Amino acid sequence: PELFNKAFKPNLLDFERIGKTGIEAVYEKELRGQPGQITILRNATMEILGQSYGEQPKNGNNLHLTVDKEFQEYLYNRLRNQVNSLGGERGALAIAIDSESGAVLALVSYPGFNANSFSTGISQDDFNALVKAKTKPLFNRTITGLYSPGSTIKPLMAAAALEEGIIDPNKKIETHGSISIPNPYDPEHPSIFPDWKNHGYVNMFDAIARSSNVYFYTIGGGFGDIAGLGINRIGTYLKKFGFDQLSGIDLTNEDFGSIPTPENKKGDIWRIGDTYHVSIGQGDLLVTPIRLLIDLNSLVNGGKIMKPYLLASVSDPDGKTIKENKPEALLENFLKPETAATIKKAMIQTVTSPSGTGYVLNDLPFTVGGKSGTAQIEANTKVNALFFAFAPTDHPKISLLVLVENAKEGALNAIPVVKDSLLWYYQNRGL
């Protein structure tokens, strides 16, 4: 019979798993091994007469991540409990990073899904259920979600005002629960920009701790004898903080935010009210949670915007380390040291002051600083709750951002998650 040799190289789609998204897609080259080769001897009827092995298959490398598995699981379950207490049917997220390096300790988008079901084969019904779910479990809120930052923007606005010499941080501004701007076209109906309460006389430390809107309307858009930053300088600093840029985290599908300007406002002129809204994190200002976290973190780590990363190291199949990830600053020395120190002091007062919005965290067995946020969405019919925290305050080791969508009482629904999560980390990892 006629004999022939055939070198058989396996079809990669049949014999290998390929990273389609997330960290597996980013590090596909590291994970991919090398397929082996088999030489098969057949006759004319394709009967196998023998075979021999040529190239041996080689396993791919191993990835070692910065994520703390137990902390990740705790955060997910704590978010789930908080969402359930609000009646479910809403999303939430939590991100924790090492304050100094930017290494990601936990990255939780709630609700999630079982990724293993895709590798083993998911039914069409189950896939349709995931796609059609109102809570969008396939949507990674942490890096792709675009949110109004609400009052968590205020520390960044304060930093811009200090850099530009708009105001002395100790100067007190009288607030009356709102700002009234005369309407030249209808004098009997001035434009009213409300605060969430009358805070009385506040300086920058009080304004951040209590989250005074009127103070930030004033330093952002100007009022009385204070000129304010104005939208152009606000835009300059938001660009400097990278609101419209990717963080560079080693995951696929990261999005970037948007900075409103007079030029990109559609169908209308830019008004002072638009600047006021941006000054308190409302209006058309949008940012991803990962970007917001690393920007706020720069105000507590000495002024460095650190690139967030999940890969700690790579080892070969024998376990030998062949690559270690190094922390990388996206931007540093862009603020005066005293600017960052002032804002950090104010965020500590958020927790230590009885009138601070994070005072409930003051009884933790370690020092904490932070900033609350309540972002109005969907024509002011719903609010998202945010809270940024860092601990301990002298030399922060962990920075945490929690966001709960459609939270009935604003920031009050994010703070309990922050408190419990920081306490878990302290008890299990130490600070």
# chains A, B, ... in the order shown; residues from 1 in each chain; ligands from 1
$ residues_around --residues "Gly60 of chain A" --least-positions-apart "4" --cutoff "7 Å" --atoms "only C-alpha atoms" --output "list in words"
Glu30, Leu31, Arg32, Gly33 and Pro317 of chain A
$ write_last_selection --atoms "all heavy atoms" --output "PDB file, in the first residue's frame"
ATOM      1  N   GLU A  30       2.059  36.041  27.375  1.00  0.00           N
ATOM      2  CA  GLU A  30       2.715  35.426  28.524  1.00  0.00           C
ATOM      3  C   GLU A  30       2.080  34.077  28.854  1.00  0.00           C
ATOM      4  O   GLU A  30       2.758  33.116  29.234  1.00  0.00           O
ATOM      5  CB  GLU A  30       2.615  36.350  29.743  1.00  0.00           C
ATOM      6  CG  GLU A  30       3.298  37.691  29.582  1.00  0.00           C
ATOM      7  CD  GLU A  30       4.806  37.570  29.643  1.00  0.00           C
ATOM      8  OE1 GLU A  30       5.311  36.460  29.923  1.00  0.00           O
ATOM      9  OE2 GLU A  30       5.498  38.580  29.416  1.00  0.00           O
ATOM     10  N   LEU A  31       0.775  33.994  28.725  1.00  0.00           N
ATOM     11  CA  LEU A  31       0.051  32.783  29.107  1.00  0.00           C
ATOM     12  C   LEU A  31       0.144  31.681  28.058  1.00  0.00           C
ATOM     13  O   LEU A  31       0.079  30.494  28.386  1.00  0.00           O
ATOM     14  CB  LEU A  31      -1.430  33.114  29.349  1.00  0.00           C
ATOM     15  CG  LEU A  31      -1.727  33.983  30.578  1.00  0.00           C
ATOM     16  CD1 LEU A  31      -3.166  34.481  30.522  1.00  0.00           C
ATOM     17  CD2 LEU A  31      -1.484  33.205  31.857  1.00  0.00           C
ATOM     18  N   ARG A  32       0.285  32.084  26.808  1.00  0.00           N
ATOM     19  CA  ARG A  32       0.273  31.098  25.731  1.00  0.00           C
ATOM     20  C   ARG A  32       1.530  30.247  25.744  1.00  0.00           C
ATOM     21  O   ARG A  32       2.652  30.744  25.826  1.00  0.00           O
ATOM     22  CB  ARG A  32       0.164  31.808  24.374  1.00  0.00           C
ATOM     23  CG  ARG A  32       0.224  30.845  23.185  1.00  0.00           C
ATOM     24  CD  ARG A  32      -0.034  31.568  21.890  1.00  0.00           C
ATOM     25  NE  ARG A  32      -1.404  32.073  21.863  1.00  0.00           N
ATOM     26  CZ  ARG A  32      -2.461  31.317  21.606  1.00  0.00           C
ATOM     27  NH1 ARG A  32      -2.306  30.027  21.369  1.00  0.00           N
ATOM     28  NH2 ARG A  32      -3.663  31.826  21.599  1.00  0.00           N
ATOM     29  N   GLY A  33       1.341  28.969  25.680  1.00  0.00           N
ATOM     30  CA  GLY A  33       2.478  28.054  25.568  1.00  0.00           C
ATOM     31  C   GLY A  33       2.796  27.798  24.104  1.00  0.00           C
ATOM     32  O   GLY A  33       2.480  28.602  23.222  1.00  0.00           O
ATOM     33  N   PRO A 317       6.947  27.950  33.783  1.00  0.00           N
ATOM     34  CA  PRO A 317       6.251  26.732  34.241  1.00  0.00           C
ATOM     35  C   PRO A 317       6.907  26.043  35.423  1.00  0.00           C
ATOM     36  O   PRO A 317       6.257  25.293  36.159  1.00  0.00           O
ATOM     37  CB  PRO A 317       6.269  25.836  32.997  1.00  0.00           C
ATOM     38  CG  PRO A 317       6.313  26.792  31.851  1.00  0.00           C
ATOM     39  CD  PRO A 317       7.190  27.913  32.321  1.00  0.00           C
TER      40      PRO A 317
END
$ residues_around --residues "segment 148-163 of chain A" --least-positions-apart "6" --cutoff "6 Å" --atoms "only C-alpha atoms" --output "ChimeraX atom specification"
/A:280-282,285-286,371-375
$ closest_residue --among "A:Leu93, A:Tyr309, A:Lys408, A:Asn301" --to "Tyr147 of chain A" --atoms "only C-alpha atoms"
A:Leu93
$ select_by_dssp --residues "segment 216-350 of chain A" --states "helix (DSSP H, G or I)" --output "JSON, numbers by chain"
{"A": [216, 217, 218, 219, 220, 221, 230, 231, 232, 233, 234, 235, 236, 237, 238, 239, 240, 272, 273, 274, 275, 276, 277, 278, 279, 289, 290, 291, 292, 293, 294, 295, 296, 297, 298, 337, 338, 339, 340, 341, 342, 343, 344, 345, 346, 347, 348, 349, 350]}
$ atom_distance --atom1 "atom CA of Asn325 of chain A" --atom2 "atom CA of Lys307 of chain A"
11.4 Å
$ closest_residue --among "A:Asn232, A:Ser313, A:Thr21, A:Thr321" --to "Glu263 of chain A" --atoms "only C-alpha atoms"
A:Asn232
$ closest_residue --among "A:Ser315, A:Asn77, A:Ser123, A:Asn253" --to "Pro111 of chain A" --atoms "only C-alpha atoms"
A:Asn77
$ closest_residue --among "A:Ala414, A:Ile95, A:Ile143, A:Ile343" --to "Gly257 of chain A" --atoms "only C-alpha atoms"
A:Ile143
$ closest_atom_pairs --of "segment 271-335 of chain A" --to "segment 234-241 of chain A" --cutoff "12 Å" --atoms "only C-alpha atoms" --output "tab-separated table"
residue	atom	partner	partner_atom	distance
A:Asp274	CA	A:Ile234	CA	11.8
A:Thr275	CA	A:Ile234	CA	8.7
A:Tyr276	CA	A:Ile234	CA	10.8
A:His277	CA	A:Ile234	CA	11.7
A:Val278	CA	A:Ile234	CA	8.5
A:Ser279	CA	A:Ile234	CA	8.0
A:Ile280	CA	A:Ile234	CA	11.4
A:Gly281	CA	A:Leu238	CA	11.1
A:Leu285	CA	A:Leu238	CA	9.8
A:Leu286	CA	A:Leu238	CA	10.8
A:Val287	CA	A:Leu238	CA	10.2
A:Arg291	CA	A:Phe241	CA	8.7
A:Leu292	CA	A:Phe241	CA	9.0
A:Leu293	CA	A:Phe241	CA	11.0
A:Ile294	CA	A:Phe241	CA	9.2
A:Asp295	CA	A:Phe241	CA	6.2
A:Leu296	CA	A:Phe241	CA	9.3
A:Asn297	CA	A:Phe241	CA	11.1
A:Ser298	CA	A:Phe241	CA	9.3
A:Leu299	CA	A:Phe241	CA	10.8
A:Gly303	CA	A:Phe241	CA	10.8
A:Lys304	CA	A:Phe241	CA	10.3
A:Ile305	CA	A:Phe241	CA	8.0
A:Met306	CA	A:Phe241	CA	11.2
A:Leu330	CA	A:Phe241	CA	9.8
A:Leu331	CA	A:Phe241	CA	8.4
A:Glu332	CA	A:Phe241	CA	10.4
A:Asn333	CA	A:Lys240	CA	11.6
A:Phe334	CA	A:Lys240	CA	8.2
A:Leu335	CA	A:Lys240	CA	10.1
$ write_last_selection --atoms "N, CA, C and O atoms" --output "short mmCIF file (atom, residue, chain, number, x, y, z; two decimals), in the first residue's frame"
data_model
loop_
_atom_site.label_atom_id
_atom_site.label_comp_id
_atom_site.auth_asym_id
_atom_site.auth_seq_id
_atom_site.Cartn_x
_atom_site.Cartn_y
_atom_site.Cartn_z
N ASP A 274 -23.63 76.50 34.74
CA ASP A 274 -22.91 75.33 34.23
C ASP A 274 -21.58 75.16 34.96
O ASP A 274 -21.18 74.04 35.29
N THR A 275 -20.90 76.27 35.20
CA THR A 275 -19.64 76.21 35.93
C THR A 275 -19.87 75.77 37.38
O THR A 275 -19.10 74.97 37.93
N TYR A 276 -20.93 76.28 37.98
CA TYR A 276 -21.25 75.86 39.35
C TYR A 276 -21.49 74.36 39.42
O TYR A 276 -21.03 73.68 40.34
N HIS A 277 -22.21 73.82 38.45
CA HIS A 277 -22.51 72.39 38.45
C HIS A 277 -21.23 71.55 38.33
O HIS A 277 -21.06 70.55 39.03
N VAL A 278 -20.34 71.96 37.44
CA VAL A 278 -19.08 71.23 37.29
C VAL A 278 -18.26 71.31 38.58
O VAL A 278 -17.60 70.35 38.98
N SER A 279 -18.33 72.45 39.26
CA SER A 279 -17.54 72.67 40.48
C SER A 279 -17.90 71.72 41.61
O SER A 279 -17.11 71.52 42.53
N ILE A 280 -19.12 71.16 41.55
CA ILE A 280 -19.52 70.19 42.58
C ILE A 280 -19.70 68.79 41.97
O ILE A 280 -20.38 67.94 42.55
N GLY A 281 -19.12 68.57 40.79
CA GLY A 281 -19.12 67.23 40.21
C GLY A 281 -20.40 66.82 39.55
O GLY A 281 -20.68 65.62 39.43
N LEU A 285 -20.04 66.46 33.60
CA LEU A 285 -18.74 65.94 34.00
C LEU A 285 -18.85 64.46 34.33
O LEU A 285 -19.65 64.06 35.18
N LEU A 286 -18.06 63.63 33.65
CA LEU A 286 -18.09 62.19 33.85
C LEU A 286 -16.68 61.66 34.02
O LEU A 286 -15.73 62.16 33.41
N VAL A 287 -16.55 60.61 34.82
CA VAL A 287 -15.24 60.00 35.06
C VAL A 287 -15.44 58.53 35.38
O VAL A 287 -16.50 58.13 35.87
N ARG A 291 -10.25 56.00 37.50
CA ARG A 291 -9.56 57.28 37.33
C ARG A 291 -9.79 58.18 38.54
O ARG A 291 -8.86 58.83 39.03
N LEU A 292 -11.02 58.22 39.01
CA LEU A 292 -11.34 59.05 40.18
C LEU A 292 -10.53 58.60 41.39
O LEU A 292 -10.00 59.43 42.14
N LEU A 293 -10.39 57.30 41.56
CA LEU A 293 -9.64 56.78 42.70
C LEU A 293 -8.17 57.17 42.66
O LEU A 293 -7.62 57.65 43.65
N ILE A 294 -7.52 56.99 41.52
CA ILE A 294 -6.09 57.29 41.48
C ILE A 294 -5.83 58.79 41.57
O ILE A 294 -4.77 59.22 42.06
N ASP A 295 -6.79 59.62 41.12
CA ASP A 295 -6.64 61.06 41.24
C ASP A 295 -6.77 61.50 42.70
O ASP A 295 -5.96 62.30 43.20
N LEU A 296 -7.79 61.01 43.39
CA LEU A 296 -7.94 61.33 44.80
C LEU A 296 -6.77 60.78 45.61
O LEU A 296 -6.29 61.43 46.56
N ASN A 297 -6.30 59.61 45.23
CA ASN A 297 -5.17 59.00 45.93
C ASN A 297 -3.92 59.87 45.83
O ASN A 297 -3.08 59.88 46.74
N SER A 298 -3.77 60.61 44.72
CA SER A 298 -2.58 61.45 44.55
C SER A 298 -2.53 62.56 45.60
O SER A 298 -1.45 63.10 45.88
N LEU A 299 -3.67 62.90 46.17
CA LEU A 299 -3.70 63.97 47.18
C LEU A 299 -3.33 63.47 48.57
O LEU A 299 -3.19 64.26 49.49
N GLY A 303 1.33 63.47 46.18
CA GLY A 303 1.23 64.13 44.88
C GLY A 303 1.62 63.30 43.68
O GLY A 303 2.10 63.84 42.68
N LYS A 304 1.38 61.99 43.73
CA LYS A 304 1.72 61.11 42.60
C LYS A 304 0.47 60.40 42.11
O LYS A 304 -0.21 59.72 42.89
N ILE A 305 0.17 60.56 40.83
CA ILE A 305 -0.91 59.77 40.22
C ILE A 305 -0.29 58.46 39.76
O ILE A 305 0.46 58.43 38.78
N MET A 306 -0.59 57.40 40.47
CA MET A 306 0.03 56.11 40.20
C MET A 306 -0.80 55.29 39.20
O MET A 306 -2.02 55.25 39.30
N LEU A 330 2.11 57.99 36.70
CA LEU A 330 1.64 58.63 35.48
C LEU A 330 1.98 60.11 35.49
O LEU A 330 2.22 60.71 34.44
N LEU A 331 1.97 60.68 36.69
CA LEU A 331 2.27 62.11 36.83
C LEU A 331 2.69 62.36 38.27
O LEU A 331 2.12 61.81 39.20
N GLU A 332 3.73 63.15 38.43
CA GLU A 332 4.15 63.51 39.78
C GLU A 332 4.72 64.92 39.77
O GLU A 332 5.02 65.48 38.71
N ASN A 333 4.83 65.51 40.94
CA ASN A 333 5.33 66.88 41.09
C ASN A 333 4.51 67.88 40.29
O ASN A 333 5.03 68.90 39.83
N PHE A 334 3.22 67.60 40.10
CA PHE A 334 2.36 68.54 39.38
C PHE A 334 1.59 69.46 40.32
O PHE A 334 0.91 70.38 39.88
N LEU A 335 1.69 69.19 41.62
CA LEU A 335 1.10 70.04 42.63
C LEU A 335 2.18 70.43 43.64
O LEU A 335 3.11 69.66 43.89
#
$ closest_residue --among "A:Gln349, A:Gln427, A:Asn183, A:Asn406" --to "Asn384 of chain A" --atoms "only C-alpha atoms"
A:Asn406
$ atom_distance --atom1 "atom CA of Ser99 of chain A" --atom2 "atom CA of Ala407 of chain A"
27.1 Å
$ select_by_dssp --residues "segment 23-59 of chain A" --states "strand (DSSP E)" --output "list in words"
Ile38, Thr39, Ile40, Leu41, Arg42, Asn43, Ile48, Leu49, Gly50, Gln51, Ser52 and Tyr53 of chain A
$ residues_around --residues "Glu28 of chain A" --least-positions-apart "3" --cutoff "12 Å" --atoms "only C-alpha atoms" --output "MDAnalysis selection string"
chainID A and resid 16:25 31:33 60:63 250:252
